[in-house]
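Structure file final.tsv with TSV, C-alpha atoms and all ligand atoms:
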chain	number	residue	atom	x	y	z
A	8	MET	CA	0.00	0.00	0.00
A	9	PRO	CA	2.49	2.68	-1.10
A	10	GLU	CA	1.85	6.40	-0.75
A	11	LEU	CA	2.46	7.78	-4.21
A	12	ALA	CA	2.58	10.98	-6.20
A	13	TYR	CA	1.66	11.70	-9.79
A	14	LEU	CA	3.66	14.43	-11.52
A	15	ASN	CA	2.67	15.30	-15.08
A	16	GLY	CA	2.35	11.69	-16.19
A	17	GLU	CA	4.96	10.10	-13.95
A	18	ILE	CA	4.20	8.08	-10.80
A	19	LEU	CA	6.80	8.21	-8.03
A	20	PRO	CA	7.20	8.25	-4.24
A	21	ILE	CA	5.77	11.43	-2.69
A	22	ASP	CA	9.11	12.61	-1.30
A	23	LYS	CA	10.69	12.34	-4.76
A	24	ALA	CA	8.02	14.49	-6.47
A	25	GLN	CA	9.05	18.15	-6.77
A	26	VAL	CA	7.67	21.17	-8.57
A	27	PRO	CA	9.81	24.02	-9.95
A	28	ILE	CA	9.94	27.22	-7.87
A	29	GLU	CA	8.41	29.19	-10.72
A	30	ASP	CA	5.25	27.12	-10.69
A	31	ARG	CA	2.40	29.64	-10.54
A	32	GLY	CA	0.69	27.59	-7.87
A	33	TYR	CA	3.68	28.32	-5.61
A	34	GLN	CA	4.17	31.94	-6.73
A	35	PHE	CA	0.57	33.15	-6.86
A	36	GLY	CA	-1.68	30.39	-5.53
A	37	ASP	CA	-2.72	30.16	-9.21
A	38	ALA	CA	-3.95	26.56	-8.94
A	39	VAL	CA	-7.08	24.57	-8.25
A	40	TYR	CA	-7.52	21.30	-6.42
A	41	GLU	CA	-9.86	18.44	-5.55
A	42	PHE	CA	-9.89	15.83	-2.84
A	43	ILE	CA	-11.47	12.46	-3.52
A	44	ALA	CA	-11.80	9.55	-1.11
A	45	SER	CA	-12.34	5.84	-1.67
A	46	TYR	CA	-14.20	3.30	0.43
A	47	ASN	CA	-13.42	-0.40	0.09
A	48	GLY	CA	-11.38	0.16	-3.05
A	49	ARG	CA	-14.00	2.30	-4.82
A	50	LEU	CA	-13.71	6.03	-5.45
A	51	PHE	CA	-16.73	7.93	-4.15
A	52	CYS	CA	-18.32	10.52	-6.49
A	53	LEU	CA	-15.39	10.62	-8.93
A	54	GLU	CA	-17.43	12.21	-11.75
A	55	GLU	CA	-18.85	14.87	-9.42
A	56	HIS	CA	-15.32	15.82	-8.35
A	57	LEU	CA	-14.20	15.96	-12.00
A	58	ASP	CA	-17.19	18.20	-12.76
A	59	ARG	CA	-16.19	20.59	-9.98
A	60	LEU	CA	-12.55	20.51	-11.08
A	61	GLU	CA	-13.60	21.56	-14.59
A	62	ARG	CA	-15.76	24.30	-13.11
A	63	SER	CA	-12.83	25.65	-11.05
A	64	LEU	CA	-10.48	25.50	-14.07
A	65	ASN	CA	-13.00	27.38	-16.22
A	66	GLY	CA	-13.63	29.88	-13.42
A	67	LEU	CA	-9.92	30.80	-13.46
A	68	PHE	CA	-9.72	30.83	-17.31
A	69	PHE	CA	-7.20	27.99	-17.46
A	70	PRO	CA	-6.29	26.59	-20.88
A	71	SER	CA	-8.21	23.41	-21.51
A	72	VAL	CA	-7.20	20.35	-19.49
A	73	SER	CA	-8.48	17.00	-20.73
A	74	ARG	CA	-11.00	15.57	-18.26
A	75	GLU	CA	-10.37	12.14	-19.71
A	76	ALA	CA	-6.61	12.46	-19.09
A	77	VAL	CA	-7.19	13.54	-15.50
A	78	ARG	CA	-9.66	10.69	-14.92
A	79	LYS	CA	-7.18	8.20	-16.39
A	80	ALA	CA	-4.36	9.54	-14.22
A	81	VAL	CA	-6.50	9.30	-11.07
A	82	LEU	CA	-7.49	5.72	-11.88
A	83	THR	CA	-3.92	4.68	-12.69
A	84	LEU	CA	-2.59	6.17	-9.45
A	85	PHE	CA	-5.40	4.57	-7.47
A	86	GLU	CA	-4.75	1.18	-9.05
A	87	LYS	CA	-0.99	1.39	-8.47
A	88	ALA	CA	-1.28	2.41	-4.81
A	89	GLU	CA	-3.75	-0.40	-3.94
A	90	ILE	CA	-5.07	1.58	-0.97
A	91	GLN	CA	-8.65	0.58	-0.15
A	92	ARG	CA	-9.45	3.67	1.92
A	93	ALA	CA	-7.54	6.28	-0.02
A	94	GLY	CA	-7.52	10.06	-0.14
A	95	ILE	CA	-6.37	11.57	-3.42
A	96	TYR	CA	-5.40	15.22	-3.81
A	97	ILE	CA	-5.40	16.49	-7.38
A	98	GLN	CA	-3.81	19.87	-7.90
A	99	ILE	CA	-3.56	21.70	-11.23
A	100	SER	CA	-1.56	24.91	-11.56
A	101	ARG	CA	-1.58	27.27	-14.54
A	102	GLY	CA	2.00	26.23	-15.23
A	103	VAL	CA	5.64	27.16	-14.79
A	104	SER	CA	6.80	30.55	-16.07
A	105	PRO	CA	8.98	33.52	-15.00
A	106	ARG	CA	7.13	35.50	-12.34
A	107	ASN	CA	4.63	37.89	-13.92
A	108	HIS	CA	1.05	38.53	-12.85
A	109	ALA	CA	-0.30	38.28	-16.40
A	110	PHE	CA	-1.20	34.82	-17.69
A	111	PRO	CA	1.79	33.38	-19.57
A	112	ASP	CA	1.39	32.37	-23.22
A	113	GLY	CA	1.84	28.80	-24.36
A	114	VAL	CA	2.42	27.34	-20.92
A	115	ARG	CA	1.11	23.90	-20.02
A	116	PRO	CA	-0.87	23.41	-16.78
A	117	GLN	CA	0.98	21.25	-14.28
A	118	ILE	CA	-0.95	18.29	-12.89
A	119	VAL	CA	0.12	16.78	-9.59
A	120	MET	CA	-1.58	14.28	-7.30
A	121	THR	CA	-0.88	12.44	-4.08
A	122	ILE	CA	-2.51	9.31	-2.71
A	123	ARG	CA	-2.44	8.19	0.92
A	124	GLU	CA	-4.57	6.30	3.39
A	125	VAL	CA	-7.39	8.51	4.71
A	126	GLU	CA	-6.90	9.76	8.23
A	127	GLU	CA	-10.28	8.95	9.80
A	128	LYS	CA	-11.91	11.28	12.29
A	129	PRO	CA	-11.58	9.92	15.85
A	130	PRO	CA	-14.59	7.76	16.81
A	131	GLU	CA	-15.13	9.80	20.05
A	132	LEU	CA	-15.52	12.95	17.95
A	133	ARG	CA	-18.24	11.29	15.88
A	134	LYS	CA	-19.91	9.82	18.98
A	135	ASN	CA	-19.86	12.94	21.19
A	136	GLY	CA	-19.87	15.65	18.54
A	137	ALA	CA	-17.42	18.44	17.84
A	138	THR	CA	-17.12	22.04	19.04
A	139	ALA	CA	-16.63	25.21	17.01
A	140	ILE	CA	-16.28	28.97	17.08
A	141	THR	CA	-17.62	31.47	14.56
A	142	LEU	CA	-15.33	33.99	12.83
A	143	GLU	CA	-16.03	36.83	10.45
A	144	ASP	CA	-15.50	35.59	6.90
A	145	PHE	CA	-12.41	37.32	5.57
A	146	ARG	CA	-11.97	35.24	2.40
A	147	TRP	CA	-12.21	36.46	-1.19
A	148	GLY	CA	-15.39	36.73	-3.27
A	149	ARG	CA	-15.08	33.42	-5.18
A	150	CYS	CA	-15.18	30.75	-2.50
A	151	ASP	CA	-17.17	28.62	-4.97
A	152	LEU	CA	-13.91	27.91	-6.84
A	153	LYS	CA	-11.73	25.28	-5.20
A	154	THR	CA	-8.40	27.12	-5.37
A	155	VAL	CA	-5.29	26.38	-3.31
A	156	GLN	CA	-5.44	29.89	-1.79
A	157	LEU	CA	-6.40	28.57	1.61
A	158	LEU	CA	-4.59	30.95	3.94
A	159	PRO	CA	-7.77	32.36	5.56
A	160	ASN	CA	-8.98	28.78	6.11
A	161	VAL	CA	-5.59	27.82	7.57
A	162	LEU	CA	-5.58	30.82	9.95
A	163	ALA	CA	-9.19	30.20	10.97
A	164	LYS	CA	-8.53	26.52	11.69
A	165	GLN	CA	-5.50	27.45	13.76
A	166	LYS	CA	-7.54	30.02	15.70
A	167	ALA	CA	-10.10	27.32	16.44
A	168	LEU	CA	-7.42	24.94	17.69
A	169	ALA	CA	-5.89	27.72	19.82
A	170	ALA	CA	-9.36	28.27	21.33
A	171	GLY	CA	-9.51	24.55	22.16
A	172	VAL	CA	-12.26	23.73	19.65
A	173	PHE	CA	-12.42	21.57	16.54
A	174	ASP	CA	-13.21	24.09	13.81
A	175	ALA	CA	-14.17	27.64	12.87
A	176	ILE	CA	-17.34	28.61	11.03
A	177	PHE	CA	-17.18	31.60	8.69
A	178	VAL	CA	-19.98	34.12	9.20
A	179	SER	CA	-20.60	37.25	7.08
A	180	SER	CA	-20.44	40.74	8.61
A	181	GLU	CA	-24.27	40.62	8.73
A	182	GLY	CA	-24.22	37.34	10.63
A	183	VAL	CA	-25.05	34.97	7.74
A	184	VAL	CA	-23.56	31.53	8.41
A	185	ARG	CA	-21.44	30.48	5.41
A	186	GLU	CA	-19.36	27.30	5.91
A	187	ALA	CA	-16.51	25.88	8.00
A	188	THR	CA	-12.79	25.86	7.12
A	189	SER	CA	-12.98	22.66	5.06
A	190	SER	CA	-16.64	21.62	5.23
A	191	ASN	CA	-20.11	22.94	4.56
A	192	ILE	CA	-22.53	23.39	7.45
A	193	CYS	CA	-26.18	22.43	7.98
A	194	ILE	CA	-28.55	23.06	10.84
A	195	VAL	CA	-31.78	21.30	11.73
A	196	ALA	CA	-34.60	23.69	12.72
A	197	ASP	CA	-38.20	22.55	13.20
A	198	GLY	CA	-37.14	19.23	11.71
A	199	THR	CA	-35.88	20.84	8.48
A	200	VAL	CA	-32.27	20.55	7.35
A	201	ILE	CA	-31.13	24.03	6.31
A	202	THR	CA	-27.93	24.91	4.48
A	203	HIS	CA	-26.53	28.00	2.74
A	204	PRO	CA	-27.64	28.23	-0.93
A	205	LEU	CA	-25.05	27.89	-3.70
A	206	THR	CA	-23.54	31.36	-4.14
A	207	PRO	CA	-19.94	32.54	-4.72
A	208	GLN	CA	-19.53	32.69	-0.91
A	209	ILE	CA	-19.36	28.92	-0.34
A	210	LEU	CA	-17.87	25.86	-1.97
A	211	PRO	CA	-20.47	23.69	-3.75
A	212	GLY	CA	-19.59	20.68	-1.61
A	213	ILE	CA	-20.10	17.23	-3.12
A	214	THR	CA	-21.08	15.82	0.28
A	215	ARG	CA	-23.52	18.72	0.77
A	216	LYS	CA	-25.25	17.68	-2.46
A	217	VAL	CA	-25.27	13.98	-1.51
A	218	VAL	CA	-26.77	14.89	1.89
A	219	ILE	CA	-29.50	17.05	0.27
A	220	ASP	CA	-30.37	14.12	-2.01
A	221	LEU	CA	-30.40	11.73	0.97
A	222	CYS	CA	-32.79	14.07	2.85
A	223	ARG	CA	-35.19	13.94	-0.11
A	224	GLU	CA	-34.97	10.15	-0.23
A	225	LEU	CA	-35.48	9.83	3.51
A	226	ASP	CA	-38.38	12.33	3.54
A	227	ILE	CA	-36.46	14.75	5.73
A	228	PRO	CA	-37.50	18.32	4.79
A	229	VAL	CA	-34.51	20.20	3.39
A	230	SER	CA	-34.05	23.84	2.41
A	231	GLU	CA	-31.18	25.76	0.83
A	232	ARG	CA	-31.55	29.20	2.38
A	233	PHE	CA	-29.61	31.81	4.34
A	234	PHE	CA	-29.62	31.59	8.13
A	235	LYS	CA	-27.89	33.67	10.76
A	236	THR	CA	-25.98	32.98	13.96
A	237	ASP	CA	-29.15	33.24	16.12
A	238	ALA	CA	-30.64	30.34	14.12
A	239	LEU	CA	-27.34	28.46	14.47
A	240	TYR	CA	-27.25	28.86	18.25
A	241	GLY	CA	-30.95	28.00	18.53
A	242	ALA	CA	-30.85	24.99	16.17
A	243	GLU	CA	-32.01	21.52	17.20
A	244	GLU	CA	-28.91	20.03	15.58
A	245	SER	CA	-26.00	21.17	13.50
A	246	PHE	CA	-23.47	19.25	11.45
A	247	LEU	CA	-20.64	19.67	8.98
A	248	THR	CA	-20.42	17.91	5.63
A	249	GLY	CA	-17.28	17.11	3.66
A	250	THR	CA	-15.34	14.35	1.96
A	251	VAL	CA	-13.52	13.13	5.07
A	252	THR	CA	-15.73	15.01	7.51
A	253	GLU	CA	-18.70	13.03	6.07
A	254	VAL	CA	-21.55	14.15	8.39
A	255	LEU	CA	-20.00	15.37	11.62
A	256	PRO	CA	-22.15	16.66	14.51
A	257	ILE	CA	-21.32	20.02	16.05
A	258	VAL	CA	-22.71	20.19	19.58
A	259	THR	CA	-21.24	23.44	20.93
A	260	ILE	CA	-20.67	26.70	19.02
A	261	ASP	CA	-19.25	29.83	20.69
A	262	ARG	CA	-20.09	28.14	24.02
A	263	HIS	CA	-23.77	27.79	23.03
A	264	ARG	CA	-25.01	24.23	23.40
A	265	ILE	CA	-26.78	23.12	20.22
A	266	GLY	CA	-30.03	21.31	21.02
A	267	ASP	CA	-29.45	19.14	24.07
A	268	GLY	CA	-25.70	19.02	23.41
A	269	GLN	CA	-25.88	15.43	22.14
A	270	VAL	CA	-25.67	14.07	18.61
A	271	GLY	CA	-29.19	14.50	17.19
A	272	PRO	CA	-31.29	11.87	15.40
A	273	VAL	CA	-31.27	13.59	11.98
A	274	THR	CA	-27.48	13.94	12.03
A	275	ALA	CA	-27.06	10.31	13.10
A	276	LYS	CA	-29.45	9.05	10.43
A	277	LEU	CA	-27.78	11.06	7.66
A	278	HIS	CA	-24.32	9.91	8.67
A	279	GLU	CA	-25.37	6.27	8.84
A	280	THR	CA	-27.07	6.45	5.42
A	281	LEU	CA	-24.14	8.30	3.83
A	282	ARG	CA	-21.74	5.61	5.12
A	283	GLN	CA	-23.95	2.83	3.79
A	284	ARG	CA	-24.05	4.49	0.37
A	285	SER	CA	-20.33	5.14	0.23
A	286	ILE	CA	-19.26	1.62	1.16
A	287	ALA	CA	-21.97	-0.06	-0.96
A	301	LIG	N1	-12.43	20.42	1.60
A	301	LIG	N2	-16.08	23.90	2.04
A	301	LIG	C1	-14.74	24.06	1.97
A	301	LIG	C2	-14.15	25.40	2.21
A	301	LIG	C3	-13.93	22.94	1.68
A	301	LIG	O1	-12.59	23.09	1.60
A	301	LIG	C4	-14.54	21.67	1.49
A	301	LIG	C5	-13.72	20.45	1.14
A	301	LIG	C6	-15.94	21.56	1.60
A	301	LIG	C7	-16.66	20.25	1.41
A	301	LIG	O2	-16.62	19.81	0.07
A	301	LIG	P1	-16.73	18.27	-0.30
A	301	LIG	O3	-17.97	17.75	0.32
A	301	LIG	O4	-16.79	18.27	-1.77
A	301	LIG	O5	-15.49	17.58	0.25
A	301	LIG	C8	-16.67	22.71	1.86
A	301	LIG	C9	-11.53	19.37	1.20
A	301	LIG	C10	-11.97	18.02	1.62
A	301	LIG	C11	-10.09	19.72	1.62
A	301	LIG	O6	-9.78	20.89	1.58
A	301	LIG	O7	-9.34	18.82	1.94

So, in terms of structure tokens, how does the structure I just supplied come out?
Amino acid sequence: MPELAYLNGEILPIDKAQVPIEDRGYQFGDAVYEFIASYNGRLFCLEEHLDRLERSLNGLFFPSVSREAVRKAVLTLFEKAEIQRAGIYIQISRGVSPRNHAFPDGVRPQIVMTIREVEEKPPELRKNGATAITLEDFRWGRCDLKTVQLLPNVLAKQKALAAGVFDAIFVSSEGVVREATSSNICIVADGTVITHPLTPQILPGITRKVVIDLCRELDIPVSERFFKTDALYGAEESFLTGTVTEVLPIVTIDRHRIGDGQVGPVTAKLHETLRQRSIA
């Protein structure tokens, strides 16, 4: 079960894979990425991740990158690594060129990937629920594009850890609850699952979409609409969604207990059903 890297067509050990210092991903954060996980040797939602990758590439006006070539590279790396429960990062930068803000002419996008065993969330965290703080959203205006410019997310996560909690939730200056540092967020209010609508202020999470579909299947009312911190603090339940996060209960936010402070039934049901689907 080797951890491997893919570097523009070549597969090699991760510590042997290097990118040039003039890669625009390194110089400007001019790169997009995806993270895909597998369960029992099967990649979950591969096509949905490739769709979002294409969307991010188009959003940054990258020259065309063959979806088929990326899919083939992912599958080859996955096959070679033989990791049943794998996490694959795909990162595509605009290319390598002398430092200049303007897009370079005739430069090929650089495609890199890594594959490793997924680091599962601790079972106690899933059983007891996680804690979080809210922070004013200080990210840029295109959070719907999955770019590698994650410094605000990194700083927010670190602030959460320094405060002794699991994660930070970005909130607009008017109090609208956006998303967490690497997950989307849902609340349950009057039995309805509510999550931020798809706008440039949040990432269109693949897990978010799967969870919305599961709600419809399970006859759980679901609504994509704005909600503020008062609704968050007063929710019956709240949970994060993401590729490794899956459905993760949040039981305390800014020292407010959410519901009765235990993992709620809707959260538990959605997590159980998501797991069944992903390992099926
Ligand atoms: N993060 N919101 C943000 C800001 C994210 O970075 C992510 C994913 C999500 C959830 O998206 P999805 O359900 O498609 O994983 C929401 C990935 C996992 C990461 O940065 O590693």

Residues at most 9 Å from segment 71-88 of chain A, counting all atoms listed in the file, excluding those fewer than 6 positions away in the same chain, as a list in words? Met8, Pro9, Glu10, Leu11, Ala12, Tyr13, Gly16, Ile18, Gly48, Leu50, Leu53, Glu54, Leu57, Asp58, Leu60, Glu61, Leu64, Asn65, Ile95, Ile97, Pro116, Ile118, Met120, Thr121, Ile122 and Arg123 of chain A

- Using all atoms listed in the file, what are the residues with an atom within 6 Å of ligand LIG 301 (chain A), set out as a PyMOL selection string? chain A and resi 42+188-191+210+212-215+248-250

Across A:Asp237, A:Asp226, A:Glu253, A:Glu243, the smallest distance to Ala44 of chain A, with all atoms listed in the file counted, is shown by A:Glu253

Taking all atoms of segment 188-192 of chain A that appear in the file, build a box with edges along x, y and z, extend it by 5 Å on every side, and state its centre and edge lengths in Å to one decimal, as AutoDock Vina command-line options.
--center_x -17.7 --center_y 23.7 --center_z 6.0 --size_x 19.7 --size_y 14.2 --size_z 12.9

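One distance worth recording is that between atom CA of Lys128 of chain A and atom CA of Val254 of chain A, which is 10.8 Å.
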
I want to know what sits within 7 Å of Val125 of chain A, based on only C-alpha atoms, with residues of the same chain fewer than 4 positions away left out; could you give that as a PyMOL selection string?
chain A and resi 92-94

Give me the residues of segment 95-193 of chain A that have any atom at most 12 Å from an atom of segment 265-283 of chain A; for each, the nearest atom pair and the distance in Å, rounded to one decimal. Use only C-alpha atoms, sort by chain and number, and format it as a tab-separated table.
residue	atom	partner	partner_atom	distance
A:Glu131	CA	A:Val270	CA	11.5
A:Leu132	CA	A:Val270	CA	10.2
A:Arg133	CA	A:Val270	CA	8.4
A:Lys134	CA	A:Val270	CA	7.2
A:Asn135	CA	A:Val270	CA	6.5
A:Gly136	CA	A:Val270	CA	6.0
A:Ala137	CA	A:Val270	CA	9.4
A:Thr138	CA	A:Ile265	CA	9.8
A:Ala139	CA	A:Ile265	CA	10.8
A:Ile192	CA	A:Thr274	CA	11.6
A:Cys193	CA	A:Thr274	CA	9.5

Residue with the minimum atom-to-atom distance to Val103 of chain A, picked from A:Pro207, A:Gly198, A:Pro256, A:Pro27 with all atoms listed in the file counted, is A:Pro27

request  = Take the point (-32.3, 28.3, 17.2) in the file's coordinates, draw a sphere of radius 12 Å around it, and report as an NGL selection string every protein, DNA or RNA residue with an atom inside or on it, counting all atoms listed in the file.
outcome  = :A and (194-198 or 201 or 234-245 or 260 or 263-267)

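Nearest residue to Glu181 of chain A among A:Glu143, A:Glu17, A:Glu224, A:Asp261 is A:Glu143, counting only C-alpha atoms.
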
One decimal place gives the atom CA of Pro70 of chain A-atom CA of Ala38 of chain A separation as 12.2 Å

Once you count only C-alpha atoms, which residues end up no further than 6 Å from (-38.5, 18.6, 7.3) in the file's frame, shown as number ranges by chain? A: 198-199, 227-229

Atoms are missing here; could segment 169-180 of chain A be completed with all heavy atoms and written as a JSON list (two decimals), in the coordinates of the input?
[["chain", "number", "residue", "atom", "x", "y", "z"],
["A", 169, "ALA", "N", -6.43, 26.93, 18.70],
["A", 169, "ALA", "CA", -5.89, 27.72, 19.82],
["A", 169, "ALA", "C", -6.98, 27.98, 20.86],
["A", 169, "ALA", "O", -6.70, 28.12, 22.06],
["A", 169, "ALA", "CB", -5.32, 29.03, 19.30],
["A", 170, "ALA", "N", -8.23, 28.04, 20.40],
["A", 170, "ALA", "CA", -9.36, 28.27, 21.33],
["A", 170, "ALA", "C", -9.83, 26.95, 21.94],
["A", 170, "ALA", "O", -10.81, 26.93, 22.69],
["A", 170, "ALA", "CB", -10.51, 28.96, 20.59],
["A", 171, "GLY", "N", -9.17, 25.86, 21.58],
["A", 171, "GLY", "CA", -9.51, 24.55, 22.16],
["A", 171, "GLY", "C", -10.74, 23.90, 21.55],
["A", 171, "GLY", "O", -11.37, 23.03, 22.15],
["A", 172, "VAL", "N", -11.11, 24.33, 20.32],
["A", 172, "VAL", "CA", -12.26, 23.73, 19.65],
["A", 172, "VAL", "C", -11.83, 23.08, 18.34],
["A", 172, "VAL", "O", -10.69, 23.26, 17.89],
["A", 172, "VAL", "CB", -13.41, 24.75, 19.40],
["A", 172, "VAL", "CG1", -13.92, 25.33, 20.71],
["A", 172, "VAL", "CG2", -12.97, 25.86, 18.45],
["A", 173, "PHE", "N", -12.76, 22.36, 17.72],
["A", 173, "PHE", "CA", -12.42, 21.57, 16.54],
["A", 173, "PHE", "C", -12.30, 22.42, 15.27],
["A", 173, "PHE", "O", -11.44, 22.19, 14.43],
["A", 173, "PHE", "CB", -13.50, 20.49, 16.35],
["A", 173, "PHE", "CG", -13.36, 19.72, 15.07],
["A", 173, "PHE", "CD1", -12.36, 18.76, 14.93],
["A", 173, "PHE", "CD2", -14.21, 19.96, 13.99],
["A", 173, "PHE", "CE1", -12.22, 18.06, 13.74],
["A", 173, "PHE", "CE2", -14.07, 19.27, 12.80],
["A", 173, "PHE", "CZ", -13.07, 18.31, 12.68],
["A", 174, "ASP", "N", -13.21, 23.38, 15.09],
["A", 174, "ASP", "CA", -13.21, 24.09, 13.81],
["A", 174, "ASP", "C", -13.77, 25.50, 13.96],
["A", 174, "ASP", "O", -14.33, 25.85, 15.01],
["A", 174, "ASP", "CB", -14.04, 23.32, 12.76],
["A", 174, "ASP", "CG", -13.57, 23.59, 11.33],
["A", 174, "ASP", "OD1", -12.67, 24.42, 11.12],
["A", 174, "ASP", "OD2", -14.13, 22.95, 10.41],
["A", 175, "ALA", "N", -13.61, 26.28, 12.92],
["A", 175, "ALA", "CA", -14.17, 27.64, 12.87],
["A", 175, "ALA", "C", -15.21, 27.69, 11.75],
["A", 175, "ALA", "O", -15.05, 27.05, 10.70],
["A", 175, "ALA", "CB", -13.07, 28.65, 12.61],
["A", 176, "ILE", "N", -16.26, 28.45, 12.01],
["A", 176, "ILE", "CA", -17.34, 28.61, 11.03],
["A", 176, "ILE", "C", -17.33, 30.05, 10.56],
["A", 176, "ILE", "O", -17.42, 30.98, 11.39],
["A", 176, "ILE", "CB", -18.70, 28.25, 11.68],
["A", 176, "ILE", "CG1", -18.70, 26.78, 12.12],
["A", 176, "ILE", "CG2", -19.86, 28.52, 10.71],
["A", 176, "ILE", "CD1", -19.76, 26.46, 13.13],
["A", 177, "PHE", "N", -17.21, 30.24, 9.24],
["A", 177, "PHE", "CA", -17.18, 31.60, 8.69],
["A", 177, "PHE", "C", -18.60, 32.18, 8.66],
["A", 177, "PHE", "O", -19.55, 31.52, 8.21],
["A", 177, "PHE", "CB", -16.62, 31.59, 7.27],
["A", 177, "PHE", "CG", -15.15, 31.28, 7.19],
["A", 177, "PHE", "CD1", -14.69, 30.14, 6.52],
["A", 177, "PHE", "CD2", -14.21, 32.12, 7.78],
["A", 177, "PHE", "CE1", -13.33, 29.86, 6.43],
["A", 177, "PHE", "CE2", -12.84, 31.86, 7.71],
["A", 177, "PHE", "CZ", -12.41, 30.72, 7.02],
["A", 178, "VAL", "N", -18.69, 33.43, 9.13],
["A", 178, "VAL", "CA", -19.98, 34.12, 9.20],
["A", 178, "VAL", "C", -19.78, 35.50, 8.55],
["A", 178, "VAL", "O", -18.76, 36.15, 8.79],
["A", 178, "VAL", "CB", -20.38, 34.27, 10.69],
["A", 178, "VAL", "CG1", -21.57, 35.17, 10.86],
["A", 178, "VAL", "CG2", -20.63, 32.91, 11.32],
["A", 179, "SER", "N", -20.74, 35.94, 7.74],
["A", 179, "SER", "CA", -20.60, 37.25, 7.08],
["A", 179, "SER", "C", -20.70, 38.37, 8.10],
["A", 179, "SER", "O", -21.13, 38.15, 9.24],
["A", 179, "SER", "CB", -21.69, 37.42, 6.02],
["A", 179, "SER", "OG", -22.91, 37.78, 6.66],
["A", 180, "SER", "N", -20.38, 39.60, 7.68],
["A", 180, "SER", "CA", -20.44, 40.74, 8.61],
["A", 180, "SER", "C", -21.88, 40.98, 9.07],
["A", 180, "SER", "O", -22.11, 41.58, 10.11],
["A", 180, "SER", "CB", -19.86, 42.00, 7.96],
["A", 180, "SER", "OG", -20.53, 42.23, 6.75]]
